[in-house]
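To be precise, the following lines are data_25.cif, and they hold mmCIF, C-alpha atoms.
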```
data_query
loop_
_atom_site.label_atom_id
_atom_site.label_comp_id
_atom_site.auth_asym_id
_atom_site.auth_seq_id
_atom_site.Cartn_x
_atom_site.Cartn_y
_atom_site.Cartn_z
CA MET H 1 -52.33 71.44 22.55
CA SER H 2 -50.52 74.42 21.06
CA ARG H 3 -49.80 74.59 17.33
CA CYS H 4 -46.04 74.20 17.91
CA ARG H 5 -46.55 71.14 20.11
CA LEU H 6 -48.91 69.65 17.51
CA ILE H 7 -46.32 70.13 14.77
CA ARG H 8 -43.62 68.54 16.95
CA ALA H 9 -45.93 65.62 17.75
CA VAL H 10 -46.72 65.02 14.08
CA ALA H 11 -43.03 65.24 13.20
CA PHE H 12 -42.20 62.76 15.97
CA LEU H 13 -44.82 60.27 14.78
CA GLY H 14 -43.53 60.60 11.22
CA ALA H 15 -39.97 59.98 12.39
CA MET H 16 -41.11 56.94 14.38
CA ALA H 17 -42.90 55.55 11.32
CA LEU H 18 -39.78 55.95 9.18
CA ALA H 19 -37.64 54.38 11.91
CA ASP H 20 -40.06 51.46 12.07
CA ALA H 21 -39.82 51.03 8.30
CA ALA H 22 -36.02 51.15 8.49
CA GLN H 23 -35.72 48.57 11.26
CA ALA H 24 -38.36 46.10 10.11
CA HIS H 25 -37.72 43.42 7.53
CA ASN H 26 -39.49 43.99 4.23
CA THR H 27 -39.34 41.78 1.17
CA LEU H 28 -40.53 42.63 -2.32
CA ARG H 29 -41.06 39.53 -4.45
CA LEU H 30 -41.28 39.70 -8.24
CA PHE H 31 -42.59 36.55 -9.90
CA LEU H 32 -44.14 35.14 -13.07
CA ALA H 33 -47.47 33.35 -13.32
CA GLU H 34 -49.69 32.01 -16.09
CA ARG H 35 -52.71 33.62 -14.44
CA GLY H 36 -53.19 37.34 -14.82
CA LEU H 37 -55.87 39.33 -16.61
CA SER H 38 -59.24 37.63 -16.81
CA ASN H 39 -59.55 39.11 -20.31
CA PRO H 40 -56.08 39.24 -21.92
CA ALA H 41 -57.33 41.74 -24.51
CA ASN H 42 -58.52 44.23 -21.86
CA LEU H 43 -55.98 45.75 -19.47
CA ASN H 44 -58.87 47.06 -17.37
CA SER H 45 -60.29 43.60 -16.68
CA PRO H 46 -60.10 42.00 -13.21
CA SER H 47 -57.05 39.91 -12.50
CA LEU H 48 -57.06 36.25 -11.51
CA ALA H 49 -55.26 35.13 -8.36
CA PRO H 50 -51.86 33.73 -9.40
CA VAL H 51 -50.51 30.30 -8.50
CA LEU H 52 -47.66 30.89 -6.06
CA GLU H 53 -44.91 28.77 -7.58
CA ASN H 54 -42.50 28.94 -10.48
CA PRO H 55 -44.63 27.64 -13.36
CA VAL H 56 -43.75 24.83 -15.73
CA VAL H 57 -45.41 25.91 -18.98
CA ALA H 58 -46.24 23.47 -21.78
CA MET H 59 -45.52 25.07 -25.14
CA ASN H 60 -47.75 23.89 -28.00
CA ASP H 61 -45.49 23.53 -31.03
CA GLY H 62 -44.77 27.04 -32.36
CA ALA H 63 -47.60 28.73 -30.47
CA GLY H 64 -46.61 31.26 -27.84
CA LYS H 65 -47.72 31.69 -24.24
CA ARG H 66 -48.23 34.70 -22.02
CA LEU H 67 -46.60 34.99 -18.61
CA TYR H 68 -47.81 37.69 -16.23
CA VAL H 69 -45.42 39.68 -14.05
CA TRP H 70 -46.54 40.11 -10.43
CA ALA H 71 -45.16 41.91 -7.39
CA GLN H 72 -45.88 40.86 -3.83
CA LEU H 73 -44.98 42.73 -0.65
CA HIS H 74 -44.18 41.11 2.68
CA SER H 75 -43.79 43.82 5.29
CA GLU H 76 -43.22 43.98 9.01
CA SER H 77 -43.38 47.77 9.11
CA ALA H 78 -46.37 50.06 9.10
CA VAL H 79 -45.06 52.32 6.33
CA VAL H 80 -43.40 50.92 3.22
CA VAL H 81 -43.25 52.66 -0.14
CA TRP H 82 -41.41 51.17 -3.11
CA HIS H 83 -40.73 54.02 -5.50
CA GLY H 84 -39.46 52.16 -8.52
CA VAL H 85 -38.83 48.76 -10.02
CA GLY H 86 -36.25 48.15 -12.71
CA PHE H 87 -35.89 44.60 -13.95
CA ASN H 88 -35.01 42.58 -17.01
CA VAL H 89 -36.64 39.40 -18.31
CA LYS H 90 -34.20 36.97 -19.90
CA THR H 91 -34.43 33.49 -21.40
CA THR H 92 -32.11 30.55 -21.92
CA GLY H 93 -32.17 27.59 -24.28
CA ALA H 94 -34.47 27.96 -27.30
CA ALA H 95 -36.92 30.22 -25.44
CA GLN H 96 -37.49 33.73 -26.74
CA ILE H 97 -39.54 36.75 -25.71
CA THR H 98 -41.62 38.22 -28.51
CA ASN H 99 -43.21 41.10 -26.60
CA ALA H 100 -43.33 42.66 -23.14
CA VAL H 101 -45.87 45.16 -21.79
CA MET H 102 -45.95 47.00 -18.48
CA TYR H 103 -49.28 48.21 -17.09
CA ASN H 104 -50.05 51.71 -15.89
CA ALA H 105 -52.48 52.22 -13.03
CA ASN H 106 -53.33 55.69 -14.29
CA SER H 107 -55.15 54.15 -17.24
CA THR H 108 -56.60 51.16 -15.41
CA VAL H 109 -59.98 50.87 -13.71
CA LEU H 110 -59.43 49.94 -10.05
CA ALA H 111 -63.06 49.61 -8.92
CA GLY H 112 -62.77 46.54 -6.73
CA PHE H 113 -60.30 44.87 -9.04
CA ALA H 114 -56.64 44.01 -8.64
CA GLN H 115 -54.41 46.95 -7.87
CA ARG H 116 -52.05 48.08 -10.62
CA TRP H 117 -48.81 49.96 -10.29
CA GLU H 118 -49.00 53.73 -10.19
CA GLY H 119 -46.70 56.00 -12.14
CA VAL H 120 -45.20 56.37 -15.59
CA ILE H 121 -44.21 53.39 -17.70
CA ALA H 122 -40.84 53.09 -19.38
CA PRO H 123 -41.36 50.95 -22.51
CA MET H 124 -39.74 47.53 -22.57
CA THR H 125 -37.62 46.70 -25.58
CA ASP H 126 -35.54 43.79 -26.85
CA SER H 127 -32.12 44.81 -25.54
CA SER H 128 -30.45 41.63 -26.80
CA GLY H 129 -31.53 41.89 -30.43
CA ASN H 130 -32.57 38.24 -30.50
CA GLY H 131 -35.40 38.12 -27.95
CA THR H 132 -33.36 36.66 -25.09
CA ARG H 133 -33.45 39.74 -22.84
CA TRP H 134 -36.02 42.50 -22.62
CA SER H 135 -35.55 45.61 -20.54
CA GLY H 136 -36.22 49.32 -20.47
CA ALA H 137 -33.77 51.95 -21.65
CA ASN H 138 -32.63 52.18 -18.04
CA GLY H 139 -34.08 49.08 -16.47
CA ILE H 140 -37.67 50.28 -16.24
CA ALA H 141 -36.84 53.77 -15.11
CA ALA H 142 -39.70 55.76 -13.58
CA LEU H 143 -42.03 52.79 -13.80
CA LEU H 144 -43.41 53.70 -10.39
CA SER H 145 -43.48 57.11 -8.81
CA ALA H 146 -45.20 55.74 -5.72
CA GLY H 147 -45.54 52.12 -6.36
CA LEU H 148 -46.37 49.82 -3.52
CA GLN H 149 -47.63 51.02 -0.17
CA LYS H 150 -48.24 48.94 2.93
CA ASN H 151 -51.73 50.17 3.68
CA PRO H 152 -54.52 47.98 5.08
CA ALA H 153 -57.03 49.79 2.88
CA GLN H 154 -55.02 49.06 -0.27
CA THR H 155 -55.66 45.39 -0.93
CA ASP H 156 -56.47 43.17 -3.85
CA SER H 157 -59.89 41.57 -3.47
CA HIS H 158 -58.91 38.85 -5.94
CA TYR H 159 -55.90 37.76 -3.91
CA GLN H 160 -56.93 36.08 -0.67
CA HIS H 161 -53.68 36.19 1.28
CA SER H 162 -52.24 38.30 4.06
CA VAL H 163 -49.99 40.21 1.70
CA GLU H 164 -50.74 42.32 -1.33
CA ALA H 165 -50.04 41.14 -4.87
CA TYR H 166 -49.95 43.56 -7.77
CA LEU H 167 -50.17 42.74 -11.46
CA ILE H 168 -47.58 44.87 -13.22
CA GLY H 169 -47.34 43.52 -16.77
CA HIS H 170 -46.83 40.53 -19.05
CA VAL H 171 -44.34 38.93 -21.42
CA ASP H 172 -45.11 36.75 -24.44
CA VAL H 173 -42.76 33.81 -24.95
CA VAL H 174 -42.14 31.08 -27.53
CA GLY H 175 -39.90 28.02 -27.67
CA THR H 176 -38.56 25.91 -24.82
CA GLY H 177 -36.07 26.87 -22.13
CA GLU H 178 -35.99 28.88 -18.91
CA VAL H 179 -37.17 32.37 -18.04
CA PHE H 180 -35.42 34.48 -15.41
CA LEU H 181 -36.02 37.86 -13.83
CA GLU H 182 -33.03 39.98 -12.91
CA ILE H 183 -32.43 43.37 -11.33
CA GLY H 184 -32.16 45.94 -14.13
CA ASP H 185 -29.88 48.94 -14.53
CA PHE H 186 -32.36 51.14 -12.67
CA GLY H 187 -32.47 48.81 -9.69
CA ILE H 188 -35.32 48.51 -7.23
CA VAL H 189 -35.80 51.58 -5.09
CA GLU H 190 -37.47 52.08 -1.72
CA PHE H 191 -37.92 55.56 -0.22
CA ASN H 192 -35.89 57.09 -3.08
CA SER H 193 -32.92 54.91 -2.16
CA PRO H 194 -31.93 51.24 -2.33
CA PRO H 195 -33.90 49.14 0.18
CA PHE H 196 -32.90 49.35 3.83
CA PRO H 197 -30.24 46.88 5.05
CA GLY H 198 -32.82 44.40 6.32
CA ASP H 199 -34.87 44.46 3.13
CA GLU H 200 -34.47 42.02 0.26
CA ILE H 201 -35.77 41.22 -3.20
CA GLU H 202 -36.94 37.71 -4.03
CA LEU H 203 -37.31 36.67 -7.65
CA GLY H 204 -39.70 33.79 -8.09
CA PHE H 205 -40.26 31.11 -5.43
CA GLY H 206 -37.63 28.96 -3.80
CA ASP H 207 -34.98 31.71 -4.07
CA ASP H 208 -35.33 33.00 -0.51
CA LEU H 209 -31.66 32.35 0.29
CA ASP H 210 -30.30 34.37 -2.63
CA HIS H 211 -30.45 37.58 -0.54
CA ILE H 212 -30.75 39.83 -3.59
CA ARG H 213 -30.77 43.56 -2.89
CA GLY H 214 -32.47 46.31 -4.87
CA GLY H 215 -29.12 47.67 -6.01
CA ASP H 216 -27.68 44.33 -7.14
CA PHE H 217 -27.75 45.38 -10.78
CA GLY H 218 -27.87 42.52 -13.26
CA MET H 219 -28.24 39.85 -10.59
CA SER H 220 -30.77 37.10 -11.27
CA SER H 221 -32.18 34.38 -9.08
CA THR H 222 -30.64 30.92 -8.76
CA LEU H 223 -33.77 29.20 -10.04
CA PRO H 224 -35.74 30.12 -13.18
CA GLU H 225 -39.02 31.94 -12.58
CA ALA H 226 -40.64 29.81 -15.30
CA THR H 227 -39.65 26.74 -17.32
CA LEU H 228 -40.99 26.37 -20.85
CA VAL H 229 -41.25 22.73 -21.87
CA CYS H 230 -42.52 20.92 -24.93
CA LEU H 231 -46.11 19.72 -25.02
CA GLY H 232 -46.64 16.81 -22.62
CA ASP H 233 -43.37 17.29 -20.71
CA LEU H 234 -45.03 18.08 -17.39
CA ASN H 235 -41.98 17.85 -15.14
CA GLY H 236 -39.56 19.71 -17.37
CA ASP H 237 -37.01 16.89 -17.79
CA LEU H 238 -37.09 17.29 -21.60
CA SER H 239 -38.82 14.02 -22.30
CA VAL H 240 -42.44 12.84 -22.34
CA ASP H 241 -42.49 9.58 -20.40
CA THR H 242 -44.09 7.63 -17.56
CA ALA H 243 -43.17 10.33 -15.03
CA ASP H 244 -45.35 12.81 -16.91
CA LEU H 245 -48.12 10.25 -17.20
CA GLY H 246 -47.97 9.76 -13.43
CA ILE H 247 -48.38 13.52 -12.86
CA LEU H 248 -51.41 13.61 -15.15
CA ILE H 249 -53.04 10.61 -13.44
CA GLY H 250 -52.44 12.24 -10.05
CA GLU H 251 -54.20 15.43 -11.15
CA PHE H 252 -56.89 13.75 -13.27
CA GLY H 253 -60.37 15.12 -12.68
CA GLY H 254 -59.19 18.28 -10.94
CA ALA H 255 -58.13 21.75 -11.99
CA GLY H 256 -54.52 20.60 -12.02
CA ILE H 257 -51.32 22.57 -11.61
CA LEU H 258 -49.13 20.91 -14.26
CA ALA H 259 -51.34 18.55 -16.23
CA ASP H 260 -53.99 20.87 -17.67
CA ILE H 261 -52.22 20.86 -21.02
CA ASN H 262 -54.95 22.63 -23.00
CA ASN H 263 -55.64 25.16 -20.22
CA ASP H 264 -59.39 24.54 -20.14
CA GLY H 265 -59.51 24.42 -16.33
CA VAL H 266 -59.71 20.66 -15.85
CA VAL H 267 -57.38 17.68 -16.33
CA ASP H 268 -59.36 15.22 -18.43
CA THR H 269 -59.23 12.84 -21.37
CA ALA H 270 -58.33 15.67 -23.75
CA ASP H 271 -55.10 16.28 -21.83
CA LEU H 272 -54.46 12.53 -21.61
CA GLY H 273 -54.90 12.22 -25.37
CA THR H 274 -52.38 15.01 -25.98
CA LEU H 275 -49.81 13.42 -23.67
CA VAL H 276 -50.28 9.99 -25.23
CA ALA H 277 -49.78 11.52 -28.69
CA GLN H 278 -46.51 13.09 -27.50
CA PHE H 279 -45.38 10.05 -25.49
CA GLY H 280 -41.74 9.18 -26.12
CA SER H 281 -40.85 12.63 -27.47
CA ASP H 282 -37.34 13.94 -26.86
CA CYS H 283 -37.49 17.68 -26.18
CA SER H 284 -33.75 18.20 -25.70
CA SER H 285 -33.13 19.29 -29.28
#
```
Since I need it in another form, could you write the structure as structure tokens?
Amino acid sequence: MSRCRLIRAVAFLGAMALADAAQAHNTLRLFLAERGLSNPANLNSPSLAPVLENPVVAMNDGAGKRLYVWAQLHSESAVVVWHGVGFNVKTTGAAQITNAVMYNANSTVLAGFAQRWEGVIAPMTDSSGNGTRWSGANGIAALLSAGLQKNPAQTDSHYQHSVEAYLIGHVDVVGTGEVFLEIGDFGIVEFNSPPFPGDEIELGFGDDLDHIRGGDFGMSSTLPEATLVCLGDLNGDLSVDTADLGILIGEFGGAGILADINNDGVVDTADLGTLVAQFGSDCSS
């Protein structure tokens, strides 16, 4: 094949790949999870596979909790590159954010561990002045120069699903209330432009019908990405009662999803004792 024909062939294949990316349906999901770094003090530590649901987090009196920010790509196309992610984290009720940190792949060891975002981090700051919304100076401008690629070789060995999940940061929260993600001023950018018409952003789980786009600045999901409840309130109805006791009994002896109050990996008598001590509490005030 002549050099000119080779160049035309390569150009054609590249155009076909871009056309495939434009026509296919791609979804980028941002979500919060209690599971993240295996060693919270070491950003280079392996990540733990997140639970794929909007967490209900039991807050222990005035002690804070850490929520990890994840990104997950569902793609029908062979070539997908998300160039940037700008989002805010906001709270309602008595919940507040005390700190937020975004991770940088350039300073993170990737040897067999969870993939991190690539690119330059824009620091997150308290844009509300009272801890109810954290964002970058311009969303999180330039967070990713080449963030998320659909590439079979680029997978997370700690995440055993058919799509990639990337750990991109964490937020520290206190109090009770709800935590939302929303599209920031920078928006979410694919191929140096807002996502293609068929592509959507999903914030948390259960929000699939919101049809949020990367350029829907300031838009948040219908449902909270996390609910912070008082100790023992396992279902988030702002009271510790028989419904919570039923959840604990149902998960007793296992790892648990809601009822592992002390986060030691098992639902046992220690968690039961905590719930009994809180039984009858009104968390609405």
Return as an MDAnalysis selection string the set of residues that the PyMOL selection byres ((chain H and resi 168) around 7) yields on the displayed structure.
chainID H and resid 69:71 102:103 116:117 166:167 169
Output the selection as an mmCIF file, in the coordinates of the input - C-alpha atoms for each residue.
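again00.cif, freshly written:
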```cif
data_model
loop_
_atom_site.group_PDB
_atom_site.id
_atom_site.type_symbol
_atom_site.label_atom_id
_atom_site.label_comp_id
_atom_site.auth_asym_id
_atom_site.auth_seq_id
_atom_site.Cartn_x
_atom_site.Cartn_y
_atom_site.Cartn_z
ATOM 1 C CA VAL H 69 -45.420 39.680 -14.050
ATOM 2 C CA TRP H 70 -46.540 40.110 -10.430
ATOM 3 C CA ALA H 71 -45.160 41.910 -7.390
ATOM 4 C CA MET H 102 -45.950 47.000 -18.480
ATOM 5 C CA TYR H 103 -49.280 48.210 -17.090
ATOM 6 C CA ARG H 116 -52.050 48.080 -10.620
ATOM 7 C CA TRP H 117 -48.810 49.960 -10.290
ATOM 8 C CA TYR H 166 -49.950 43.560 -7.770
ATOM 9 C CA LEU H 167 -50.170 42.740 -11.460
ATOM 10 C CA GLY H 169 -47.340 43.520 -16.770
#
```
Could you pull the residues within 7 Å of H:Asp282, counting only C-alpha atoms, minus those fewer than 5 positions along the same chain, as a ChimeraX atom specification?
/H:238-240
Given the choices H:Asn60, H:Thr222, H:Thr176, H:Asn39, which gets closest to H:Thr91 if the distance is worked out from all atoms listed in the file?
H:Thr176
Test item: residues at most 7 Å from H:Pro194, all atoms listed in the file, excluding those fewer than 6 positions along its chain, as number ranges by chain
H: 188, 214-215
Considering all atoms listed in the file, state which residue in the set H:Pro55, H:Pro50, H:Gly253, H:Gly218 is at the smallest distance from H:Leu234.
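For H:Leu234, the nearest of the given residues is H:Pro55.
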